[in-house]
file protein12.csv (CSV, C-alpha atoms and all ligand atoms)
chain,number,residue,atom,x,y,z
A,1,MET,CA,94.6,97.5,105.6
A,2,VAL,CA,98.0,96.4,104.5
A,3,ILE,CA,98.5,93.8,101.9
A,4,GLU,CA,100.5,90.6,102.1
A,5,PRO,CA,103.0,90.4,99.2
A,6,GLY,CA,103.0,87.0,97.4
A,7,THR,CA,100.6,85.3,99.7
A,8,SER,CA,100.7,81.6,99.4
A,9,SER,CA,97.6,79.7,98.5
A,10,ASP,CA,94.8,79.0,101.0
A,11,ALA,CA,93.2,75.9,99.8
A,12,GLU,CA,90.5,75.9,102.5
A,13,LEU,CA,89.4,79.4,101.5
A,14,ALA,CA,89.8,79.3,97.8
A,15,PRO,CA,87.1,77.2,96.2
A,16,SER,CA,88.3,75.9,92.8
A,17,THR,CA,87.3,78.2,90.1
A,18,SER,CA,85.3,76.8,87.2
A,19,THR,CA,87.5,76.4,84.2
A,20,CYS,CA,87.0,79.4,82.1
A,21,ALA,CA,86.1,78.9,78.5
A,22,SER,CA,88.4,80.3,75.9
A,23,SER,CA,85.6,81.0,73.5
A,24,VAL,CA,84.9,84.5,74.7
A,25,SER,CA,84.5,87.7,72.7
A,26,ARG,CA,87.5,90.0,72.8
A,27,CYS,CA,87.8,93.8,72.6
A,28,GLY,CA,91.3,93.8,71.5
A,29,ASP,CA,94.2,91.6,70.5
A,30,GLU,CA,96.0,91.8,73.8
A,31,GLU,CA,96.0,88.6,75.8
A,32,GLY,CA,97.3,88.5,79.3
A,33,ALA,CA,99.1,85.8,81.3
A,34,GLY,CA,96.8,82.9,82.0
A,35,GLY,CA,94.7,83.6,78.9
A,36,LEU,CA,92.7,86.4,80.5
A,37,ARG,CA,91.4,88.9,78.1
A,38,CYS,CA,89.6,92.2,78.2
A,39,LEU,CA,86.0,91.9,77.3
A,40,PRO,CA,83.1,94.2,76.4
A,41,VAL,CA,81.0,95.2,79.4
A,42,THR,CA,77.3,95.1,80.1
A,43,SER,CA,75.2,98.2,80.7
A,44,HIS,CA,76.2,98.1,84.3
A,45,ARG,CA,77.2,101.4,86.0
A,46,CYS,CA,77.7,102.1,89.6
A,47,LEU,CA,79.3,104.7,91.9
A,48,SER,CA,82.7,102.9,91.4
A,49,CYS,CA,82.7,103.2,87.6
A,50,THR,CA,80.9,106.5,86.8
A,51,PRO,CA,82.9,109.7,86.6
A,52,GLY,CA,83.3,111.3,90.0
A,53,PRO,CA,85.6,111.4,93.0
A,54,ASP,CA,84.9,107.8,94.0
A,55,ARG,CA,85.5,106.3,90.5
A,56,ILE,CA,88.0,103.5,90.7
A,57,VAL,CA,87.1,101.4,87.5
A,58,ASP,CA,87.1,102.7,83.9
A,59,HIS,CA,85.4,100.0,81.9
A,60,ASP,CA,86.0,101.8,78.6
A,61,ARG,CA,89.8,101.8,79.1
A,62,THR,CA,89.7,98.5,81.1
A,63,ILE,CA,91.7,100.1,83.9
A,64,VAL,CA,91.6,100.5,87.6
A,65,ASN,CA,92.9,103.7,89.1
A,66,ALA,CA,92.4,104.1,92.9
A,67,PRO,CA,91.8,107.6,94.2
A,68,ARG,CA,93.5,108.5,97.5
A,69,VAL,CA,90.4,108.2,99.6
A,70,PHE,CA,90.7,104.4,99.2
A,71,ARG,CA,94.1,104.2,100.8
A,72,GLY,CA,94.8,101.5,103.5
A,73,PRO,CA,98.4,102.3,104.2
A,74,ALA,CA,99.4,105.8,103.1
A,75,THR,CA,100.4,104.8,99.5
A,76,SER,CA,98.4,101.8,98.6
A,77,LEU,CA,94.9,100.5,98.1
A,78,HIS,CA,92.8,99.4,101.1
A,79,GLY,CA,92.2,95.6,100.9
A,80,GLY,CA,88.5,96.0,101.4
A,81,ALA,CA,88.2,98.6,98.7
A,82,ALA,CA,90.1,96.2,96.4
A,83,ALA,CA,87.6,93.5,97.2
A,84,GLY,CA,84.8,95.9,96.8
A,85,LEU,CA,85.8,97.0,93.3
A,86,VAL,CA,85.4,93.4,92.2
A,87,ALA,CA,81.7,93.7,92.6
A,88,CYS,CA,81.8,96.4,89.9
A,89,LEU,CA,84.0,94.4,87.7
A,90,ALA,CA,81.8,91.4,88.1
A,91,ASP,CA,78.5,93.2,87.7
A,92,ALA,CA,79.9,94.7,84.5
A,93,HIS,CA,80.8,91.4,83.0
A,94,LEU,CA,78.7,88.6,84.4
A,95,ASN,CA,75.2,87.7,83.1
A,96,GLY,CA,73.6,88.6,86.5
A,97,PRO,CA,74.4,90.2,89.8
A,98,ALA,CA,77.5,88.8,91.5
A,99,VAL,CA,76.8,87.0,94.7
A,100,ARG,CA,80.2,85.5,95.4
A,101,PHE,CA,83.7,86.8,95.1
A,102,ASN,CA,87.3,85.9,96.0
A,103,VAL,CA,90.2,88.3,96.0
A,104,ARG,CA,93.8,87.6,96.4
A,105,LEU,CA,96.3,90.4,97.1
A,106,HIS,CA,99.7,89.8,95.6
A,107,SER,CA,101.4,93.1,96.3
A,108,PRO,CA,100.3,96.5,97.5
A,109,PRO,CA,98.2,98.1,94.6
A,110,PRO,CA,99.5,101.6,94.1
A,111,LEU,CA,97.2,104.6,94.3
A,112,LEU,CA,96.6,107.1,91.5
A,113,THR,CA,98.1,104.7,88.9
A,114,ASP,CA,96.5,103.2,85.8
A,115,LEU,CA,96.4,99.4,86.4
A,116,ALA,CA,95.0,97.4,83.5
A,117,TYR,CA,92.4,94.8,84.3
A,118,ARG,CA,91.7,91.6,82.4
A,119,VAL,CA,88.7,89.3,82.8
A,120,GLU,CA,87.6,86.0,81.4
A,121,LEU,CA,84.2,84.4,81.6
A,122,ASP,CA,82.9,80.9,81.5
A,123,GLU,CA,80.7,79.9,78.6
A,124,VAL,CA,77.5,81.2,80.2
A,125,GLY,CA,78.9,84.3,81.8
A,126,GLY,CA,78.2,83.0,85.3
A,127,VAL,CA,81.9,82.9,86.5
A,128,MET,CA,84.5,85.6,85.9
A,129,ARG,CA,88.2,85.3,86.6
A,130,PHE,CA,90.1,88.6,86.8
A,131,GLU,CA,93.6,90.0,87.2
A,132,ILE,CA,94.6,93.6,87.9
A,133,GLY,CA,98.0,95.0,87.2
A,134,PRO,CA,100.8,94.4,84.7
A,135,VAL,CA,100.7,91.1,82.8
A,136,GLY,CA,102.8,88.6,84.7
A,137,SER,CA,102.9,90.7,87.8
A,138,ALA,CA,99.3,91.3,88.8
A,139,VAL,CA,98.7,93.0,92.1
A,140,LEU,CA,95.2,91.5,92.5
A,141,SER,CA,93.5,88.5,91.2
A,142,GLY,CA,90.5,86.3,91.9
A,143,TRP,CA,87.1,85.4,90.7
A,144,ALA,CA,83.4,86.2,91.1
A,145,ALA,CA,80.2,84.3,90.3
A,146,THR,CA,76.5,84.7,90.1
A,147,GLU,CA,75.9,81.7,92.4
A,148,ALA,CA,77.5,80.6,95.6
A,149,ALA,CA,78.1,76.9,95.5
A,150,GLU,CA,78.9,76.9,99.2
A,151,PRO,CA,78.4,79.5,101.9
A,152,VAL,CA,81.5,81.6,102.6
A,153,VAL,CA,80.6,81.6,106.3
A,154,PRO,CA,78.8,78.5,107.5
A,155,ALA,CA,75.1,79.1,108.2
A,156,ASP,CA,75.5,78.4,111.9
A,157,ILE,CA,78.2,81.0,112.3
A,158,VAL,CA,76.2,83.5,110.3
A,159,ALA,CA,73.2,82.9,112.6
A,160,GLU,CA,75.5,83.2,115.6
A,161,LEU,CA,76.9,86.6,114.4
A,162,ALA,CA,73.4,87.8,113.5
A,163,GLY,CA,72.3,87.1,117.1
A,164,HIS,CA,74.6,89.9,118.2
A,165,ALA,CA,73.5,92.5,115.7
A,166,THR,CA,71.7,94.2,118.6
A,167,LEU,CA,73.7,94.2,121.8
A,168,SER,CA,72.6,93.0,125.1
A,169,ALA,CA,73.2,95.3,128.1
A,170,ALA,CA,76.3,93.3,129.1
A,171,GLU,CA,77.6,93.5,125.5
A,172,GLN,CA,77.0,97.2,125.4
A,173,THR,CA,78.9,97.6,128.7
A,174,ARG,CA,81.8,95.7,127.4
A,175,PHE,CA,81.7,97.8,124.2
A,176,ASP,CA,81.7,101.0,126.1
A,177,ALA,CA,84.6,99.9,128.3
A,178,TYR,CA,86.9,100.0,125.3
A,179,GLU,CA,90.0,102.1,125.8
A,180,ARG,CA,91.4,103.6,122.7
A,181,PRO,CA,95.2,102.9,122.3
A,182,PRO,CA,97.4,106.0,122.5
A,183,THR,CA,98.7,105.5,118.9
A,184,GLU,CA,96.8,104.3,115.9
A,185,GLU,CA,98.7,102.2,113.5
A,186,PHE,CA,96.7,102.8,110.4
A,187,SER,CA,95.3,106.3,111.0
A,188,GLN,CA,94.9,107.0,107.3
A,189,CYS,CA,93.1,103.7,106.5
A,190,PHE,CA,89.8,104.0,104.5
A,191,GLY,CA,88.1,101.4,106.7
A,192,CYS,CA,89.2,102.3,110.2
A,193,GLY,CA,91.5,105.3,110.2
A,194,SER,CA,90.5,108.4,112.2
A,195,SER,CA,92.7,110.6,110.1
A,196,ASN,CA,91.1,109.7,106.7
A,197,GLU,CA,88.5,112.4,106.6
A,198,ASP,CA,86.5,110.6,103.9
A,199,GLY,CA,87.0,107.2,105.4
A,200,LEU,CA,84.4,104.9,107.1
A,201,HIS,CA,85.9,105.2,110.6
A,202,LEU,CA,84.8,101.7,111.6
A,203,ARG,CA,86.7,100.7,114.6
A,204,THR,CA,85.2,97.5,115.9
A,205,ARG,CA,85.4,96.8,119.6
A,206,ALA,CA,85.0,93.6,121.6
A,207,ILE,CA,81.5,92.9,123.0
A,208,ASP,CA,82.6,89.7,124.8
A,209,ASP,CA,85.7,87.5,124.7
A,210,HIS,CA,85.0,86.2,121.2
A,211,ARG,CA,83.3,88.8,119.1
A,212,ALA,CA,83.5,92.5,118.1
A,213,TRP,CA,80.9,94.8,116.8
A,214,ILE,CA,80.4,98.3,115.4
A,215,ARG,CA,77.3,100.3,114.3
A,216,TRP,CA,77.6,101.9,110.8
A,217,CYS,CA,75.6,104.8,109.5
A,218,PRO,CA,76.9,105.2,105.9
A,219,SER,CA,77.3,108.8,104.8
A,220,GLU,CA,75.3,110.2,101.9
A,221,ARG,CA,78.5,110.0,99.9
A,222,TRP,CA,78.1,106.2,99.6
A,223,ARG,CA,74.6,106.4,98.1
A,224,ASP,CA,74.5,104.6,94.8
A,225,GLY,CA,71.0,105.2,93.5
A,226,ASN,CA,68.6,103.3,95.8
A,227,ASP,CA,71.4,101.1,97.1
A,228,LEU,CA,74.5,101.4,99.2
A,229,SER,CA,77.7,101.5,97.3
A,230,MET,CA,78.9,97.9,97.0
A,231,LEU,CA,82.5,99.0,97.3
A,232,ALA,CA,81.8,100.8,100.5
A,233,ALA,CA,79.7,97.9,101.9
A,234,ILE,CA,82.4,95.3,101.1
A,235,ALA,CA,85.2,97.6,102.3
A,236,ALA,CA,83.4,98.0,105.6
A,237,LEU,CA,84.0,94.2,106.2
A,238,ASP,CA,87.8,94.2,105.8
A,239,CYS,CA,90.0,95.6,108.5
A,240,THR,CA,87.0,95.6,110.8
A,241,SER,CA,87.7,91.9,111.3
A,242,ALA,CA,91.4,92.6,112.1
A,243,PHE,CA,91.0,95.7,114.2
A,244,PRO,CA,89.8,93.8,117.4
A,245,LEU,CA,92.2,90.9,117.2
A,246,GLN,CA,94.5,92.1,119.9
A,247,GLU,CA,91.6,93.1,122.1
A,248,LEU,CA,90.2,89.6,121.6
A,249,GLY,CA,93.6,88.0,122.5
A,250,VAL,CA,94.3,86.5,119.1
A,251,THR,CA,97.3,88.6,118.5
A,252,VAL,CA,99.8,90.2,121.0
A,253,GLU,CA,101.3,93.6,121.0
A,254,GLY,CA,103.7,94.2,118.2
A,255,GLU,CA,102.0,91.8,115.8
A,256,THR,CA,100.6,93.3,112.6
A,257,CYS,CA,98.1,91.7,110.4
A,258,LEU,CA,98.2,91.8,106.6
A,259,LEU,CA,95.4,90.7,104.4
A,260,GLY,CA,96.1,87.7,102.2
A,261,THR,CA,92.8,86.6,100.7
A,262,TYR,CA,89.2,87.7,101.1
A,263,ASP,CA,86.2,85.6,100.3
A,264,GLY,CA,82.8,87.3,100.3
A,265,GLN,CA,79.1,86.4,99.7
A,266,ILE,CA,76.4,88.9,98.9
A,267,HIS,CA,73.2,87.6,100.3
A,268,GLN,CA,71.2,90.7,99.3
A,269,ARG,CA,72.2,94.2,98.2
A,270,PRO,CA,72.2,96.6,101.2
A,271,PRO,CA,69.7,99.4,100.7
A,272,VAL,CA,70.8,103.0,101.1
A,273,ALA,CA,68.1,103.7,103.6
A,274,MET,CA,66.5,101.3,106.1
A,275,LYS,CA,65.0,101.3,109.5
A,276,GLY,CA,67.9,101.5,111.8
A,277,ASP,CA,71.6,101.5,110.9
A,278,PHE,CA,73.9,98.7,109.8
A,279,ARG,CA,75.6,96.4,112.2
A,280,ILE,CA,79.0,94.8,111.6
A,281,VAL,CA,79.7,91.7,113.7
A,282,THR,CA,83.0,89.8,113.5
A,283,ALA,CA,84.6,86.8,115.2
A,284,PRO,CA,88.0,85.2,114.5
A,285,ARG,CA,87.4,81.6,113.5
A,286,PHE,CA,90.8,80.3,114.4
A,287,ARG,CA,94.5,81.1,114.3
A,288,GLN,CA,97.0,78.6,112.8
A,289,GLY,CA,100.5,79.8,113.2
A,290,ARG,CA,100.8,83.1,111.3
A,291,LYS,CA,97.4,82.7,109.7
A,292,ILE,CA,94.1,84.0,111.2
A,293,TYR,CA,90.8,83.2,109.7
A,294,ALA,CA,88.1,85.8,110.6
A,295,ASP,CA,84.4,85.8,109.9
A,296,ILE,CA,82.4,89.0,109.5
A,297,GLY,CA,78.9,90.0,108.5
A,298,LEU,CA,76.9,93.1,107.7
A,299,PHE,CA,73.4,93.0,109.2
A,300,ASN,CA,70.4,95.2,110.0
A,301,PRO,CA,69.5,95.6,113.7
A,302,GLU,CA,67.2,92.5,113.5
A,303,GLY,CA,70.1,90.4,112.3
A,304,GLU,CA,69.0,90.2,108.6
A,305,VAL,CA,72.2,89.5,106.6
A,306,PHE,CA,73.4,91.5,103.6
A,307,ILE,CA,77.0,90.4,103.1
A,308,THR,CA,79.3,87.9,104.8
A,309,GLY,CA,83.0,87.6,104.5
A,310,CYS,CA,86.0,85.5,105.6
A,311,ALA,CA,89.4,87.1,105.6
A,312,THR,CA,92.7,85.4,105.9
A,313,TRP,CA,95.1,87.6,107.9
A,314,ILE,CA,98.8,87.0,107.9
A,315,VAL,CA,100.5,87.9,111.2
A,316,LEU,CA,103.8,89.7,111.0
A,317,ALA,CA,106.0,90.3,114.0
A,318,ALA,CA,106.9,93.9,114.6
A,319,ALA,CA,109.9,95.2,112.7
A,401,ZN,ZN,80.5,99.7,88.5
A,402,ZN,ZN,91.8,99.8,108.5
call {"tool": "encode", "arguments": {"input": "protein12.csv", "output": "structure tokens"}}
result
Amino acid sequence: MVIEPGTSSDAELAPSTSTCASSVSRCGDEEGAGGLRCLPVTSHRCLSCTPGPDRIVDHDRTIVNAPRVFRGPATSLHGGAAAGLVACLADAHLNGPAVRFNVRLHSPPPLLTDLAYRVELDEVGGVMRFEIGPVGSAVLSGWAATEAAEPVVPADIVAELAGHATLSAAEQTRFDAYERPPTEEFSQCFGCGSSNEDGLHLRTRAIDDHRAWIRWCPSERWRDGNDLSMLAAIAALDCTSAFPLQELGVTVEGETCLLGTYDGQIHQRPPVAMKGDFRIVTAPRFRQGRKIYADIGLFNPEGEVFITGCATWIVLAAA
């Protein structure tokens, strides 16, 4: 979905990053703003960084270049795909699989454009800070870690969302009653747009007055070895939390939501094949003025959790 330029800080959602050590190996002399450097990578390779139509990260050149498939608005990167590429950056640099990430969108990342990335690790390689974009005017920044000090979504909320992975008859009836609006605002969007032929087409609908839900059967395209592409899995949890906000009465007609920050936690890597399909369950936590905090999770039909996220959406009035 669209990106909030120059989002202000969200202290509640941005846990303090461990201070990154400066004694890190360097692959060049260039040093970015804030002391971030490019670093040699591990042997990690995934769908997002191996040559092919869905490659978005080139670790050899330390660049990000987003193919058109990952558009949110017509000309810039989908916020969820932006968050998803961080899993690749982190897995390529951390000393173990990333389980926690935070992404802040500063301005719309352009498509089909080489954007340099810079990372810095703590002393043991357990925390990575990153920036993407020109030095001094990064379009994306954030951090990732091999441990989650605190859950992104409180355990009671995760359990509550998980309890709706499989719908009751009443919830199914409410879901089926959804009336598609005559116009679609982000029809090209990778996450939800019906006109993005390679997109995920995930249009969550209300299942009661507080929650929304969608079933997801990822296409073969998002197979990454024995796993589901992490970029696709994380991207599936982005605008899906904003799509139902008006239906749930959190926003009114004419208000548009722009993603500011995204916090995510990877509980376990989603498999490419499992019994049943994936279930996405989301519930807005609260709205405070122009900010909406929304929780979301990726589950199997039994409510086993794979990924949880909390997005901060910024409400803009219609132009
Ligand atoms: Zn990768
Ligand atoms: Zn979307």
call {"tool": "closest_residue", "arguments": {"input": "protein12.csv", "among": "A:Val69, A:Leu140, A:Glu247, A:Ile296", "to": "Pro181 (chain A)", "atoms": "all atoms listed in the file"}}
result
A:Glu247
call {"tool": "closest_residue", "arguments": {"input": "protein12.csv", "among": "A:Ala311, A:Leu259, A:Val127, A:Val250", "to": "Leu89 (chain A)", "atoms": "only C-alpha atoms"}}
result
A:Val127
call {"tool": "closest_atom_pairs", "arguments": {"input": "protein12.csv", "of": "chain A", "to": "ligand ZN 401 (chain A)", "cutoff": "12 Å", "atoms": "all atoms listed in the file", "output": "Markdown table"}}
result
| residue | atom | partner | partner_atom | distance |
| --- | --- | --- | --- | --- |
| A:Val41 | CA | A:ZN401 | ZN | 10.2 |
| A:Thr42 | CA | A:ZN401 | ZN | 10.1 |
| A:Ser43 | CA | A:ZN401 | ZN | 9.5 |
| A:His44 | CA | A:ZN401 | ZN | 6.2 |
| A:Arg45 | CA | A:ZN401 | ZN | 4.5 |
| A:Cys46 | CA | A:ZN401 | ZN | 3.8 |
| A:Leu47 | CA | A:ZN401 | ZN | 6.2 |
| A:Ser48 | CA | A:ZN401 | ZN | 4.8 |
| A:Cys49 | CA | A:ZN401 | ZN | 4.2 |
| A:Thr50 | CA | A:ZN401 | ZN | 7.0 |
| A:Pro51 | CA | A:ZN401 | ZN | 10.5 |
| A:Asp54 | CA | A:ZN401 | ZN | 10.7 |
| A:Arg55 | CA | A:ZN401 | ZN | 8.5 |
| A:Ile56 | CA | A:ZN401 | ZN | 8.7 |
| A:Val57 | CA | A:ZN401 | ZN | 6.9 |
| A:Asp58 | CA | A:ZN401 | ZN | 8.6 |
| A:His59 | CA | A:ZN401 | ZN | 8.2 |
| A:Asp60 | CA | A:ZN401 | ZN | 11.5 |
| A:Thr62 | CA | A:ZN401 | ZN | 11.9 |
| A:Val64 | CA | A:ZN401 | ZN | 11.2 |
| A:Gly84 | CA | A:ZN401 | ZN | 10.1 |
| A:Leu85 | CA | A:ZN401 | ZN | 7.6 |
| A:Val86 | CA | A:ZN401 | ZN | 8.8 |
| A:Ala87 | CA | A:ZN401 | ZN | 7.4 |
| A:Cys88 | CA | A:ZN401 | ZN | 3.8 |
| A:Leu89 | CA | A:ZN401 | ZN | 6.4 |
| A:Ala90 | CA | A:ZN401 | ZN | 8.4 |
| A:Asp91 | CA | A:ZN401 | ZN | 6.8 |
| A:Ala92 | CA | A:ZN401 | ZN | 6.4 |
| A:His93 | CA | A:ZN401 | ZN | 10.0 |
| A:Leu94 | CA | A:ZN401 | ZN | 12.0 |
| A:Pro97 | CA | A:ZN401 | ZN | 11.4 |
| A:Ala98 | CA | A:ZN401 | ZN | 11.7 |
| A:Asp224 | CA | A:ZN401 | ZN | 10.0 |
| A:Ser229 | CA | A:ZN401 | ZN | 9.4 |
| A:Met230 | CA | A:ZN401 | ZN | 8.8 |
| A:Leu231 | CA | A:ZN401 | ZN | 9.1 |
call {"tool": "residues_near_ligand", "arguments": {"input": "protein12.csv", "ligand": "ligand ZN 402 (chain A)", "cutoff": "12 Å", "atoms": "all atoms listed in the file", "output": "PyMOL selection string"}}
result
chain A and resi 1-3+70-74+77-81+184-196+199-204+235-244+256-259
call {"tool": "residues_around", "arguments": {"input": "protein12.csv", "residues": "Ala212 (chain A)", "least_positions_apart": "3", "cutoff": "6 Å", "atoms": "all atoms listed in the file", "output": "number ranges by chain"}}
result
A: 204-207, 281-282
call {"tool": "atom_distance", "arguments": {"input": "protein12.csv", "atom1": "CA of Met274 (chain A)", "atom2": "CA of Pro301 (chain A)"}}
result
10.0 Å
call {"tool": "closest_residue", "arguments": {"input": "protein12.csv", "among": "A:Arg290, A:Arg223, A:His267, A:Arg118", "to": "Pro134 (chain A)", "atoms": "only C-alpha atoms"}}
result
A:Arg118
call {"tool": "atom_distance", "arguments": {"input": "protein12.csv", "atom1": "CA of Val152 (chain A)", "atom2": "CA of Arg215 (chain A)"}}
result
22.5 Å
call {"tool": "atom_distance", "arguments": {"input": "protein12.csv", "atom1": "CA of Phe286 (chain A)", "atom2": "CA of Val252 (chain A)"}}
result
14.9 Å
call {"tool": "closest_residue", "arguments": {"input": "protein12.csv", "among": "A:Ala170, A:Leu298, A:Leu245, A:Met128", "to": "Ile266 (chain A)", "atoms": "all atoms listed in the file"}}
result
A:Leu298
